[in-house]
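Notes for the one structure printed next.
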Amino acid sequence: MSAEVGQQHPLGIYLKIWILLFILSTLSYMVDYIGFQGYLRWTLILVFMFLKAGFIIAIFMHVMWERMALVLTILGPPVALLFLIGAMAIEGDYTFGARVDYFGANPNAEPLPVTHIGEHEGEAH
Amino acid sequence: MSEAVASNLDTPKSGLPGLVDDWTSDKQTYHVPWGKAMMWIFLVSDTFIFSCFLVGYMTVRMTTAEPWPLPTDVFALSLFGSDPIPLILIAIMTFILITSSGTMALAVNYGYRGDKRKTMYLMLATAALGASFVGMQAFEWTKLISEGVRPWENPWGAPQFGSVFFMVTGFHGLHVTGGVIYLAVVARKVAKGHYDKKGYEIVEIAGLYWHFVDLVWVFIFAFFYLW
């Protein structure tokens, strides 16, 4: 607990979290590999992202064993970012609407298909 | 008051009462080595820099009426003549960074146990994994540049795709490169015994930086590559 002697914890907890992070990374990759779309995709991405971030911060960066004064200094200020995200999302939505409504942009345009170099020759690279 | 100060001297309270004590007892607030407190303050400020990039990316992707290129296709790669596998290189890079976070966590642990050899080797392993991550990123950049992706245009859709890609992954790659150098320097000093008297907090501080770089990648992977 005391920070004076540094953060000493049994090795086992690091190994367990390490394996857990591998599993979570695999799961988040599977979201793309299987090809989930829409709200299911976004929810799964966010859930796996927050779990991974949480374990890294809490265990690997030892935040769960730090004193409250340091924990709040670390985790407090980033809360302000939620307001930035919210404000920019509202503004972005408005800009997109204006481009569609007043500038004739097509809201349903599809990206052009991706062809990789060498693919037509059946070459790997 | 005197009671609180007295109790603070032997065993500090934890939780909220501890928070009040730490901030009101008219002395050092953070009971950690100054280097660790400063590293945390740097990391919090770095959080804001990366957040500005990612929020800027969100805004640009929301506002553009041109279609956003699909990362799952753009970052697909054929391995050994197979059909293109979606995001495979990015997945491998993610696993490499997580592996390096694990070796770093073990290095911190062995550092506090005073096992210099293991600490040094684990830190060098972490740095080597970080270097291979940067190498793969260089490969990814080369591939995309050869396919015509530029910060101002790309062959598939919204031109902002290129600017976000180069900006965000470039800034992250710069952090990884800096981390590799930082870890190599600290590993060398560990091996030379420079921390025998000072203590091994420095390994934990270097570890905080490295885990932060991994943490940022978690968000880039989710928002830029998977979204």
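In the structure tokens, each chain is lettered A, B, ... as it comes, each chain's residues begin at 1, and ligands are numbered from 1 in order of appearance.
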
What's the 9 Å shell around Ala89 (chain A), counting only C-alpha atoms, without same-chain residues fewer than 4 positions away, as JSON, numbers by chain?
{"A": [84, 85, 93, 94], "B": [55, 58, 59, 62]}

Next, write the just-selected residues to a file, as a compact mmCIF listing (two decimals), in the first residue's frame, keeping C-alpha atoms as the atom set.
```
# COMPACT_ATOMS: atom_id res chain seq x y z
CA LEU A 84 -15.51 18.32 -25.57
CA ILE A 85 -16.70 15.05 -27.15
CA ASP A 93 -23.96 16.49 -36.67
CA TYR A 94 -25.09 20.02 -37.52
CA VAL B 55 -11.92 14.17 -31.03
CA MET B 58 -14.43 12.14 -34.75
CA THR B 59 -15.55 15.61 -35.85
CA MET B 62 -18.92 13.03 -38.71
```

Counting only C-alpha atoms, collect the residues of chain A whose closest atom lies at most 7 Å from chain B, and write them out as a ChimeraX atom specification.
/A:3-4,6,8,14,18,22,29,32-33,42,45,49,53,56,60-61,67-70,74,85,88-89,92-93,95-96,99,105-107,109-114,117,122-125

Just list the residues in chain A DSSP gives helix (DSSP H, G or I) on the backbone, as a VMD selection string.
chain A and resid 11 to 34 38 to 60 63 to 65 68 to 75 77 to 103 119 to 121

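Taking CA of Phe171 (chain B) and CA of Leu97 (chain B) as the two end points, the separation is 15.7 Å.
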
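Considering the residues B:Tyr121, B:Val190, B:Gly130, B:Ala206 and counting only C-alpha atoms, Val176 (chain B) has its shortest atom-to-atom contact with B:Gly130.
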
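From CA of Phe83 (chain A) back to CA of Ala98 (chain A), the distance works out to 22.7 Å.
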
For each of B:Met136, B:Ala128, B:Ile96, B:Ile49, take the minimum atom-to-atom distance to Leu21 (chain A), counting only C-alpha atoms, then give the residue where this is smallest.
B:Ile96

Set the distance at 8 Å and use only C-alpha atoms: which residues neighbour Leu124 (chain B) once local chain neighbours fewer than 6 positions away are removed? I'd like the list as an MDAnalysis selection string.
chainID B and resid 183:184 187

Just the selected residues (C-alpha atoms), exported as an mmCIF file, in the first residue's frame, please.
```cif
data_model
loop_
_atom_site.group_PDB
_atom_site.id
_atom_site.type_symbol
_atom_site.label_atom_id
_atom_site.label_comp_id
_atom_site.auth_asym_id
_atom_site.auth_seq_id
_atom_site.Cartn_x
_atom_site.Cartn_y
_atom_site.Cartn_z
ATOM 1 C CA LEU B 183 13.776 1.994 -21.962
ATOM 2 C CA ALA B 184 17.147 1.164 -23.517
ATOM 3 C CA ALA B 187 17.979 -0.749 -18.881
#
```

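In this structure, CA of Met64 (chain A) sits 16.0 Å away from CA of Lys16 (chain A).
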